[in-house]
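*Asks:* File upload.txt follows (compact mmCIF, C-alpha atoms):
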# COMPACT_ATOMS: atom_id res chain seq x y z
CA MET H 810 39.26 -32.04 20.96
CA PRO H 811 40.11 -29.05 23.18
CA GLN H 812 36.56 -29.07 24.57
CA LEU H 813 37.28 -32.24 26.52
CA ASP H 814 40.46 -31.01 28.20
CA VAL H 815 39.39 -30.95 31.83
CA ALA H 816 42.46 -29.00 32.86
CA LEU H 817 41.10 -26.01 30.92
CA TYR H 818 37.72 -26.05 32.67
CA PRO H 819 38.59 -23.98 35.77
CA PRO H 820 39.79 -20.84 33.95
CA GLN H 821 36.76 -20.94 31.66
CA LEU H 822 34.33 -21.38 34.54
CA ILE H 823 35.98 -18.69 36.63
CA TRP H 824 35.88 -16.13 33.84
CA LEU H 825 32.39 -17.18 32.85
CA VAL H 826 31.20 -16.44 36.38
CA ILE H 827 33.07 -13.14 36.44
CA SER H 828 31.88 -11.87 33.07
CA PHE H 829 28.31 -13.08 33.39
CA THR H 830 27.98 -11.60 36.87
CA LEU H 831 29.31 -8.29 35.59
CA LEU H 832 26.89 -8.41 32.66
CA TYR H 833 23.96 -9.27 34.91
CA LEU H 834 24.77 -6.40 37.26
CA ALA H 835 25.21 -3.96 34.39
CA MET H 836 21.88 -5.02 32.89
CA ALA H 837 19.87 -5.23 36.11
CA LYS H 838 21.24 -2.11 37.78
CA VAL H 839 21.97 0.28 34.90
CA ALA H 840 20.80 -0.62 31.42
CA LEU H 841 17.35 -2.11 31.96
CA PRO H 842 16.03 0.48 34.44
CA ARG H 843 17.12 3.17 32.01
CA ILE H 844 15.35 1.53 29.06
CA SER H 845 12.20 0.82 31.03
CA GLU H 846 12.22 4.42 32.25
CA VAL H 847 12.41 5.68 28.67
CA LEU H 848 9.70 3.28 27.51
CA GLU H 849 7.47 4.26 30.40
CA LYS H 850 8.02 7.95 29.76
CA ARG H 851 7.10 7.43 26.13
CA ARG H 852 4.00 5.43 27.04
CA ASP H 853 2.96 8.12 29.54
CA ARG H 854 3.56 10.80 26.95
CA ILE H 855 1.50 8.96 24.35
CA ASP H 856 -1.27 8.25 26.86
CA GLY H 857 -1.16 11.89 27.95
CA ASP H 858 -1.40 13.07 24.36
CA LEU H 859 -4.28 10.71 23.74
CA ASP H 860 -6.03 11.96 26.87
CA LYS H 861 -5.47 15.55 25.79
CA ALA H 862 -6.82 14.74 22.35
CA ALA H 863 -9.87 13.12 23.93
CA VAL H 864 -10.47 16.20 26.11
CA LEU H 865 -10.11 18.50 23.10
CA LYS H 866 -12.45 16.34 21.09
CA LYS H 867 -14.98 16.45 23.90
CA GLU H 868 -14.68 20.23 24.00
CA ALA H 869 -15.13 20.45 20.25
CA ASP H 870 -18.17 18.19 20.48
CA GLU H 871 -19.62 20.36 23.21
CA ALA H 872 -19.01 23.49 21.16
CA LEU H 873 -20.69 21.87 18.20
CA ALA H 874 -23.65 20.85 20.35
CA ALA H 875 -23.95 24.38 21.75
CA TYR H 876 -23.77 25.84 18.27
CA GLU H 877 -26.43 23.48 17.03
CA GLU H 878 -28.59 24.25 20.03
CA SER H 879 -28.33 28.01 19.52
CA MET H 880 -28.95 27.47 15.83
CA ALA H 881 -32.11 25.52 16.60
CA GLU H 882 -33.15 28.16 19.11
CA ALA H 883 -32.65 30.93 16.57
CA LYS H 884 -34.64 28.94 14.07
CA THR H 885 -37.57 28.53 16.47
CA GLN H 886 -37.34 32.19 17.36
CA ALA H 887 -37.41 33.18 13.71
CA LEU H 888 -40.35 30.90 13.11
CA ALA H 889 -42.18 32.44 16.07
CA VAL H 890 -41.53 35.96 14.76
CA ILE H 891 -42.73 34.99 11.32
CA LYS H 892 -45.84 33.36 12.77
CA GLU H 893 -46.57 36.40 14.92
CA ALA H 894 -46.21 38.74 11.95
CA SER H 895 -48.36 36.57 9.77
CA ASP H 896 -50.96 36.28 12.54
CA LYS H 897 -51.00 40.04 12.94
CA LEU H 898 -51.37 40.54 9.23
CA THR H 899 -54.22 38.06 9.11
CA GLU H 900 -55.85 39.75 12.06
CA ASP H 901 -55.43 43.23 10.53
CA SER H 902 -56.82 42.16 7.23
CA ALA H 903 -59.76 40.46 8.95
CA ALA H 904 -60.46 43.61 10.96
CA ARG H 905 -60.29 45.82 7.88
CA HIS H 906 -62.46 43.40 6.02
CA ALA H 907 -65.03 43.51 8.82
CA GLU H 908 -64.82 47.33 8.96
CA LEU H 909 -65.24 47.59 5.22
CA SER H 910 -68.14 45.15 5.28
CA ALA H 911 -69.80 47.19 8.03
CA THR H 912 -69.39 50.46 6.05
CA ILE H 913 -70.69 48.85 2.93
CA ALA H 914 -73.63 47.40 4.85
CA ASP H 915 -74.39 50.86 6.36
CA GLN H 916 -74.22 52.51 2.99
CA ALA H 917 -76.41 49.83 1.50
CA GLU H 918 -78.92 50.33 4.29
CA ALA H 919 -78.91 54.08 3.84
CA ALA H 920 -79.39 53.70 0.10
CA GLU H 921 -82.28 51.27 0.70
CA ALA H 922 -83.86 53.75 3.09
CA THR H 923 -83.52 56.56 0.51
CA ILE H 924 -85.03 54.34 -2.13
CA ALA H 925 -87.86 53.39 0.20
CA ARG H 926 -88.51 57.03 1.04
CA ALA H 927 -88.49 57.96 -2.65
CA LYS H 928 -90.85 55.11 -3.36
CA GLU H 929 -93.15 56.18 -0.54
CA SER H 930 -93.21 59.80 -1.67
CA ALA H 931 -93.68 58.69 -5.25
CA LEU H 932 -96.57 56.48 -4.18
CA ALA H 933 -98.04 59.34 -2.12
CA ASP H 934 -97.82 61.74 -5.05
CA ILE H 935 -99.21 59.27 -7.49
CA GLY H 936 -102.82 59.85 -6.23
CA GLY H 937 -102.70 63.62 -6.87
CA ILE H 938 -101.11 63.16 -10.27
CA ALA H 939 -103.69 60.59 -11.20
CA GLU H 940 -106.47 62.94 -10.16
CA ASP H 941 -104.99 65.71 -12.28
CA ILE H 942 -104.61 63.46 -15.25
CA THR H 943 -108.06 62.05 -14.75
CA SER H 944 -109.70 65.50 -14.49
CA GLN H 945 -107.84 66.71 -17.52
CA ALA H 946 -108.63 63.52 -19.39
CA ALA H 947 -112.29 63.85 -18.43
CA ALA H 948 -112.39 67.48 -19.53
CA LYS H 949 -110.89 66.64 -22.88
CA LEU H 950 -112.88 63.50 -23.47
CA ILE H 951 -116.28 64.37 -22.22
CA GLY H 952 -116.06 68.17 -22.07
CA ALA H 953 -116.83 68.27 -18.44
CA LYS H 954 -115.92 71.69 -17.26
CA LYS H 955 -116.00 70.88 -13.77
CA VAL H 956 -115.64 67.47 -12.22
CA ASP H 957 -116.67 67.11 -8.65
CA LYS H 958 -113.44 66.80 -6.80
CA LYS H 959 -114.86 64.40 -4.30
CA GLN H 960 -116.15 62.08 -6.98
CA LEU H 961 -112.82 62.18 -8.76
CA GLN H 962 -110.91 61.30 -5.70
CA ASP H 963 -113.11 58.29 -4.95
CA ALA H 964 -112.81 57.03 -8.53
CA VAL H 965 -108.99 57.26 -8.46
CA THR H 966 -108.75 55.54 -5.12
CA ALA H 967 -111.07 52.77 -6.28
CA ALA H 968 -108.95 52.28 -9.45
CA MET H 969 -105.73 52.19 -7.54
CA LYS H 970 -107.21 49.68 -5.14
CA GLU H 971 -108.26 47.54 -8.05
CA HIS H 972 -104.64 47.60 -9.39
CA GLU H 973 -102.97 46.84 -6.19
CA MET X 153 45.68 -27.90 5.78
CA ALA X 154 45.17 -26.34 9.18
CA ASP X 155 43.42 -28.39 11.80
CA PRO X 156 39.72 -27.36 11.79
CA LEU X 157 39.66 -27.86 15.55
CA HIS X 158 42.61 -25.54 16.06
CA GLN X 159 40.18 -22.64 16.51
CA PHE X 160 38.78 -24.21 19.68
CA GLU X 161 42.12 -24.37 21.44
CA ILE X 162 42.41 -22.41 24.62
CA HIS X 163 45.60 -20.65 25.50
CA PRO X 164 46.25 -18.35 28.41
CA VAL X 165 46.59 -14.63 27.82
CA VAL X 166 47.39 -13.68 31.41
CA HIS X 167 48.65 -16.33 33.80
CA ILE X 168 46.83 -16.17 37.09
CA PRO X 169 47.59 -19.11 39.35
CA LEU X 170 45.13 -19.10 42.21
CA GLY X 171 46.86 -21.53 44.57
CA GLU X 172 46.27 -24.92 43.04
CA VAL X 173 43.63 -23.59 40.66
CA ASN X 174 44.42 -22.25 37.23
CA ALA X 175 42.48 -19.00 37.00
CA SER X 176 44.32 -17.67 34.00
CA LEU X 177 42.64 -15.25 31.72
CA THR X 178 42.48 -17.20 28.47
CA ASN X 179 41.32 -16.32 24.98
CA SER X 180 37.96 -17.74 26.05
CA GLY X 181 37.86 -15.42 29.06
CA VAL X 182 38.77 -12.48 26.86
CA ALA X 183 35.90 -13.35 24.51
CA MET X 184 33.50 -13.54 27.48
CA LEU X 185 34.65 -10.17 28.79
CA ALA X 186 34.36 -8.76 25.27
CA ALA X 187 30.78 -9.99 25.06
CA THR X 188 30.00 -8.44 28.45
CA VAL X 189 31.57 -5.14 27.47
CA ALA X 190 29.90 -5.11 24.05
CA VAL X 191 26.46 -5.87 25.46
CA THR X 192 26.87 -3.32 28.23
CA LEU X 193 28.04 -0.63 25.82
CA PHE X 194 25.25 -1.47 23.40
CA MET X 195 22.54 -1.39 26.04
CA THR X 196 23.77 1.74 27.81
CA LEU X 197 25.38 3.98 25.18
CA SER X 198 22.47 3.55 22.81
CA MET X 199 20.11 4.78 25.55
CA ARG X 200 22.31 7.73 26.47
CA GLY X 201 20.01 10.18 24.72
CA ARG X 202 16.91 8.72 26.36
CA ALA X 203 15.10 10.12 23.36
CA LEU X 204 11.33 10.10 23.23
CA VAL X 205 11.63 9.32 19.54
CA PRO X 206 14.45 6.78 19.37
CA GLY X 207 17.30 6.78 16.88
CA ARG X 208 18.73 3.66 15.28
CA TRP X 209 20.84 2.41 18.19
CA GLN X 210 18.22 3.23 20.78
CA SER X 211 15.62 1.42 18.67
CA LEU X 212 17.84 -1.65 18.62
CA ALA X 213 18.33 -1.60 22.38
CA GLU X 214 14.59 -1.11 22.92
CA LEU X 215 13.92 -3.90 20.45
CA ALA X 216 16.14 -6.28 22.44
CA TYR X 217 14.42 -5.18 25.67
CA GLU X 218 10.92 -5.66 24.31
CA PHE X 219 11.80 -8.90 22.52
CA ILE X 220 12.96 -10.57 25.72
CA GLY X 221 10.28 -8.79 27.72
CA ASN X 222 7.58 -10.26 25.49
CA MET X 223 9.25 -13.65 25.56
CA VAL X 224 9.19 -13.72 29.35
CA ARG X 225 5.64 -12.35 29.51
CA ASP X 226 4.28 -14.77 26.89
CA ASN X 227 6.00 -17.86 28.27
CA VAL X 228 6.04 -17.25 32.01
CA GLY X 229 3.44 -14.56 32.60
CA LYS X 230 3.51 -11.78 35.19
CA GLU X 231 5.40 -13.97 37.67
CA GLY X 232 8.34 -14.03 35.27
CA ARG X 233 9.03 -10.34 35.79
CA PRO X 234 11.73 -10.79 38.50
CA TYR X 235 13.69 -13.12 36.21
CA PHE X 236 13.61 -10.75 33.25
CA PRO X 237 17.08 -9.22 33.83
CA PHE X 238 18.60 -12.67 34.12
CA VAL X 239 16.88 -13.96 30.97
CA LEU X 240 17.89 -10.86 29.03
CA SER X 241 21.49 -11.10 30.23
CA LEU X 242 21.55 -14.76 29.27
CA PHE X 243 20.20 -14.05 25.80
CA MET X 244 22.54 -11.15 25.12
CA PHE X 245 25.55 -13.04 26.53
CA VAL X 246 24.96 -16.09 24.33
CA LEU X 247 24.02 -13.98 21.30
CA PHE X 248 27.08 -11.76 21.50
CA GLY X 249 29.27 -14.78 22.28
CA ASN X 250 27.99 -16.42 19.11
CA LEU X 251 28.21 -13.29 16.96
CA LEU X 252 31.62 -12.12 18.17
CA GLY X 253 32.88 -15.66 17.60
CA LEU X 254 32.08 -15.24 13.92
CA LEU X 255 34.66 -12.50 13.57
CA PRO X 256 37.91 -13.81 12.06
CA TYR X 257 40.61 -14.74 14.60
CA SER X 258 38.19 -14.35 17.47
CA PHE X 259 37.11 -17.10 19.83
CA THR X 260 33.67 -18.62 20.29
CA PHE X 261 33.28 -19.40 23.98
CA THR X 262 29.84 -20.95 23.36
CA SER X 263 31.55 -23.71 21.38
CA HIS X 264 32.87 -25.18 24.64
CA ILE X 265 30.66 -27.69 26.38
CA ILE X 266 31.85 -26.68 29.82
CA VAL X 267 30.66 -23.10 29.27
CA THR X 268 27.28 -24.03 27.85
CA PHE X 269 26.86 -26.73 30.47
CA ALA X 270 27.67 -24.30 33.26
CA MET X 271 25.08 -21.88 31.96
CA ALA X 272 22.52 -24.65 31.52
CA LEU X 273 23.28 -25.89 35.03
CA VAL X 274 22.75 -22.42 36.47
CA VAL X 275 19.40 -22.27 34.68
CA PHE X 276 18.51 -25.78 35.86
CA LEU X 277 19.49 -25.23 39.48
CA GLY X 278 17.97 -21.77 39.51
CA VAL X 279 14.68 -22.96 38.09
CA THR X 280 14.59 -25.88 40.56
CA ALA X 281 15.36 -23.54 43.44
CA VAL X 282 12.57 -21.19 42.31
CA GLY X 283 10.19 -24.16 42.24
CA ILE X 284 11.11 -25.37 45.70
CA ILE X 285 10.98 -21.87 47.18
CA ARG X 286 7.61 -21.15 45.59
CA HIS X 287 5.90 -24.48 46.14
CA GLY X 288 7.88 -26.23 48.89
CA LEU X 289 7.57 -29.99 48.84
CA HIS X 290 4.57 -29.64 46.57
CA PHE X 291 7.10 -28.92 43.83
CA PHE X 292 7.87 -32.64 43.58
CA SER X 293 4.33 -33.29 42.37
CA PHE X 294 5.85 -32.03 39.12
CA PHE X 295 7.19 -35.54 38.60
CA VAL X 296 3.77 -37.12 39.02
CA PRO X 297 1.93 -36.77 35.73
CA LYS X 298 -1.77 -36.04 36.01
CA GLY X 299 -4.41 -38.51 34.78
CA VAL X 300 -2.09 -41.49 34.90
CA PRO X 301 -3.34 -44.71 36.57
CA ALA X 302 -1.62 -45.41 39.89
CA ALA X 303 -0.25 -48.68 38.54
CA MET X 304 1.72 -46.77 35.93
CA LEU X 305 3.29 -44.34 38.40
CA PRO X 306 6.33 -46.53 39.29
CA LEU X 307 7.20 -46.36 35.61
CA MET X 308 6.18 -42.76 34.92
CA ILE X 309 7.89 -41.07 37.85
CA PRO X 310 11.41 -42.28 36.95
CA ILE X 311 10.79 -41.26 33.33
CA GLU X 312 9.74 -37.78 34.44
CA VAL X 313 12.74 -37.47 36.74
CA VAL X 314 15.16 -38.56 34.05
CA SER X 315 13.61 -36.22 31.52
CA TYR X 316 13.86 -33.39 34.05
CA LEU X 317 17.48 -34.17 34.82
CA SER X 318 18.36 -34.35 31.16
CA ARG X 319 17.24 -30.79 30.61
CA PRO X 320 20.62 -29.14 31.33
CA VAL X 321 22.32 -31.78 29.20
CA SER X 322 20.15 -31.20 26.14
CA LEU X 323 20.19 -27.45 26.68
CA SER X 324 23.98 -27.28 26.81
CA ILE X 325 24.74 -29.82 24.11
CA ARG X 326 22.35 -28.15 21.66
CA LEU X 327 24.17 -24.83 21.85
CA PHE X 328 27.69 -26.26 22.07
CA ALA X 329 27.16 -28.72 19.20
CA ASN X 330 25.59 -26.12 16.93
CA MET X 331 28.39 -23.66 17.44
CA MET X 332 31.15 -26.20 17.20
CA ALA X 333 29.74 -27.91 14.11
CA GLY X 334 29.16 -24.64 12.30
CA HIS X 335 32.62 -23.31 12.99
CA THR X 336 34.30 -26.60 12.14
CA MET X 337 32.43 -26.79 8.85
CA MET X 338 33.46 -23.25 7.96
CA LYS X 339 37.08 -24.05 8.76
CA VAL X 340 36.98 -27.25 6.71
CA PHE X 341 35.69 -25.42 3.66
CA ALA X 342 38.12 -22.56 4.24
CA GLY X 343 40.95 -25.12 4.21
CA PHE X 344 40.04 -26.07 0.66
CA VAL X 345 40.06 -22.53 -0.70
CA PHE X 346 43.83 -22.30 -1.23
CA SER X 347 44.55 -25.95 -1.81
CA LEU X 348 42.15 -26.08 -4.77
CA GLY X 349 43.75 -23.13 -6.54
CA LEU X 350 41.36 -21.50 -8.98
CA PHE X 351 38.58 -23.93 -8.03
CA GLY X 352 38.86 -22.60 -4.50
CA VAL X 353 36.14 -20.17 -5.50
CA ALA X 354 33.62 -22.95 -4.89
CA PRO X 355 34.45 -23.57 -1.21
CA LEU X 356 34.82 -19.82 -0.77
CA ALA X 357 31.26 -19.36 -2.03
CA VAL X 358 30.13 -22.09 0.36
CA ASP X 359 31.85 -20.25 3.21
CA VAL X 360 30.11 -17.02 2.27
CA ALA X 361 26.77 -18.81 2.43
CA LEU X 362 27.79 -20.57 5.65
CA THR X 363 28.70 -17.24 7.24
CA ALA X 364 25.18 -15.96 6.64
CA PHE X 365 23.83 -19.26 7.89
CA GLU X 366 25.99 -19.04 11.01
CA VAL X 367 24.69 -15.55 11.77
CA MET X 368 21.21 -17.00 11.68
CA VAL X 369 22.29 -19.93 13.87
CA ALA X 370 23.88 -17.47 16.30
CA PHE X 371 20.52 -15.75 16.75
CA LEU X 372 18.51 -18.93 16.65
CA GLN X 373 20.54 -20.77 19.26
CA ALA X 374 20.57 -17.78 21.57
CA TYR X 375 16.81 -17.61 21.14
CA VAL X 376 16.31 -21.34 21.70
CA PHE X 377 18.49 -21.31 24.82
CA THR X 378 16.53 -18.41 26.27
CA VAL X 379 13.08 -19.58 25.26
CA LEU X 380 13.72 -22.98 26.82
CA THR X 381 14.85 -21.25 29.99
CA CYS X 382 11.53 -19.40 29.98
CA LEU X 383 9.59 -22.62 29.40
CA TYR X 384 11.39 -24.38 32.25
CA LEU X 385 10.66 -21.40 34.45
CA ASN X 386 7.02 -21.51 33.43
CA ASP X 387 6.81 -25.23 34.21
CA THR X 388 8.08 -24.68 37.72
CA ILE X 389 6.11 -21.56 38.48
CA HIS X 390 2.84 -22.95 37.18
CA LEU X 391 3.03 -26.62 38.19
CA HIS X 392 0.83 -28.57 35.82
Taking this structure as input, can you express it in the form of structure tokens?
*Replies:*
Amino acid sequence: MPQLDVALYPPQLIWLVISFTLLYLAMAKVALPRISEVLEKRRDRIDGDLDKAAVLKKEADEALAAYEESMAEAKTQALAVIKEASDKLTEDSAARHAELSATIADQAEAAEATIARAKESALADIGGIAEDITSQAAAKLIGAKKVDKKQLQDAVTAAMKEHE
Amino acid sequence: MADPLHQFEIHPVVHIPLGEVNASLTNSGVAMLAATVAVTLFMTLSMRGRALVPGRWQSLAELAYEFIGNMVRDNVGKEGRPYFPFVLSLFMFVLFGNLLGLLPYSFTFTSHIIVTFAMALVVFLGVTAVGIIRHGLHFFSFFVPKGVPAAMLPLMIPIEVVSYLSRPVSLSIRLFANMMAGHTMMKVFAGFVFSLGLFGVAPLAVDVALTAFEVMVAFLQAYVFTVLTCLYLNDTIHLH
């Protein structure tokens, strides 16, 4: 078995040391730093992109919040305007209603006064008319040419009093 | 039939007598240098673009980096960071040694016990040195198992010491035996292909399957060698 030939050990060991040392140096000094640099750069880049994405997302969220806030504000404003208008309308209509009611009340009062006056004058006239009718009725019924005016008046007043 | 062990023979390519010592560049040395060059080219050329979005080769190199990086982190923790280049070099060296050895007419330097033992010994001595430097004499409490009655200690301590000392042996023999057995088996079956004539299709099919199997073994043994290195390192850094 060639593996057990001790005479062949020195050249194998010598070249093992040489080649492995070379490989170690090449890896430790050149290859591995380069790879780790690339990996680190990539990780930084990915982290950076993620950070940027997070910042952008935050900005978008803020914009959305601002939009919603202004939307809510506009809504409250619109509601206030509508309320104001409706209040004003209510107020106007109430005022007009009151005005109208007052006019109507005035007119009604005036009409009542007119009616009262008419009634008064009618009541005042009714005595005279009654006297006339009575004197004429007396003349026709009993042929009295002349009825004492004073007597007539007393009779009419007494009758009216009786009817009141 | 060709000798199945013929493939393990070492012959010099360039004679280099270093005084009394034979420092010749052999086919084994060439295979080691080839592995070094291949790994270095793979790990540097593929990263030449330093692309943010990696291509195929760069992905492979990054995969190797992160695979070993995770292995060291998972098994040793943050303290394993300084040993990462060594562990990665070890893994790539063994892996490429195994894989390049599968190419026809090439040489598998990991099928020689002296090579695997030397690597295991470097790991063993390195790990022990790390333990002594980190913990001083306290490191030797590693051989005193916790929760064992004092009466048992005269028995337990020698067992622990022997099991610790056998680490480089098991580490090196595992890799060497796997590689040697696999390659010998492939050669044995290959020897039957021509001698059986038309029926040589059967051993050929076996060799096809064995080739795939050996690729898996090449990865697996490189992984096992490295993961055990990490575990030994973890044991010494975090004394139980």
*Asks:* Tell me the residues of chain H close to chain X, meaning within 9 Å using all atoms listed in the file, as a ChimeraX atom specification.
*Replies:* /H:810-813,815-825,827-829,831-837,839-841,843-848,850-851,854
*Asks:* Between CA of Gly288 (chain X) and CA of Thr388 (chain X), measure the distance and give it in Å to one decimal.
*Replies:*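 Computing it gives 11.3 Å between the two atoms.
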*Asks:* So how far away is CA of Tyr375 (chain X) from CA of Phe243 (chain X), in Å?
*Replies:*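 Pair CA of Phe243 (chain X) / CA of Tyr375 (chain X) returns 6.8 Å.
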*Asks:* How many Å separate CA of Phe371 (chain X) from CA of Tyr235 (chain X)?
*Replies:* 20.8 Å
*Asks:* For a quick check of understanding, using all atoms listed in the file, which of X:Val345, X:Ala272, X:Ala354, X:Val369 has the smallest distance to Ile325 (chain X)?
*Replies:*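 Of X:Val345, X:Ala272, X:Ala354, X:Val369, the one nearest Ile325 (chain X), counting all atoms listed in the file, is X:Ala272.
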*Asks:* Step by step: start from the point (-111.4, 64.4, -7.0) in the file's coordinates, keep every protein, DNA or RNA residue that has an atom no farther than 10 Å from it, count only C-alpha atoms, and write the set as a list in words.
*Replies:*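 The residues near that point, listed by chain and number, are Gly936, Gly937, Ala939, Glu940, Asp941, Thr943, Ser944, Val956, Asp957, Lys958, Lys959, Gln960, Leu961, Gln962, Asp963, Ala964, Val965 and Thr966 of chain H.
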*Asks:* Where's the centre, and what are the edge lengths in Å to one decimal, of a box along x, y and z enclosing all listed atoms of region 940-945 of chain H padded 4 Å per side, as AutoDock Vina command-line options?
*Replies:*
--center_x -107.2 --center_y 64.4 --center_z -13.8 --size_x 13.1 --size_y 12.7 --size_z 15.4
*Asks:* For a cut-off of 6 Å around (33.8, -17.5, 21.0), file coordinates, pick out all residues using all atoms listed in the file and list them as JSON, numbers by chain.
*Replies:* {"X": [183, 249, 253, 259, 260, 261, 262]}
*Asks:* At the level of C-alpha atoms, write region 891-929 of chain H to a file as a CSV table (one decimal), in the first residue's frame, please.
*Replies:*
chain,number,residue,atom,x,y,z
H,891,ILE,CA,-75.9,74.1,6.8
H,892,LYS,CA,-76.9,74.6,10.4
H,893,GLU,CA,-76.5,78.3,10.3
H,894,ALA,CA,-78.6,78.5,7.1
H,895,SER,CA,-81.3,76.4,8.6
H,896,ASP,CA,-81.2,78.4,11.8
H,897,LYS,CA,-81.6,81.6,9.8
H,898,LEU,CA,-84.4,80.2,7.8
H,899,THR,CA,-86.2,79.0,11.0
H,900,GLU,CA,-85.6,82.4,12.6
H,901,ASP,CA,-86.9,84.3,9.5
H,902,SER,CA,-89.9,82.2,9.2
H,903,ALA,CA,-90.6,82.6,12.9
H,904,ALA,CA,-90.3,86.4,12.6
H,905,ARG,CA,-92.6,86.5,9.6
H,906,HIS,CA,-95.0,84.3,11.4
H,907,ALA,CA,-95.0,86.6,14.4
H,908,GLU,CA,-95.3,89.7,12.1
H,909,LEU,CA,-98.2,88.1,10.2
H,910,SER,CA,-99.9,87.1,13.5
H,911,ALA,CA,-99.5,90.6,14.8
H,912,THR,CA,-101.1,92.1,11.6
H,913,ILE,CA,-103.9,89.6,11.7
H,914,ALA,CA,-104.5,90.4,15.4
H,915,ASP,CA,-104.5,94.1,14.6
H,916,GLN,CA,-106.9,93.7,11.8
H,917,ALA,CA,-109.1,91.4,13.9
H,918,GLU,CA,-109.1,94.1,16.6
H,919,ALA,CA,-110.0,96.8,14.2
H,920,ALA,CA,-112.8,94.7,12.8
H,921,GLU,CA,-114.1,94.0,16.3
H,922,ALA,CA,-114.0,97.7,17.1
H,923,THR,CA,-115.9,98.5,13.9
H,924,ILE,CA,-118.5,95.9,14.7
H,925,ALA,CA,-118.8,97.2,18.3
H,926,ARG,CA,-119.2,100.7,17.0
H,927,ALA,CA,-121.9,99.6,14.5
H,928,LYS,CA,-123.6,97.7,17.2
H,929,GLU,CA,-123.5,100.7,19.5
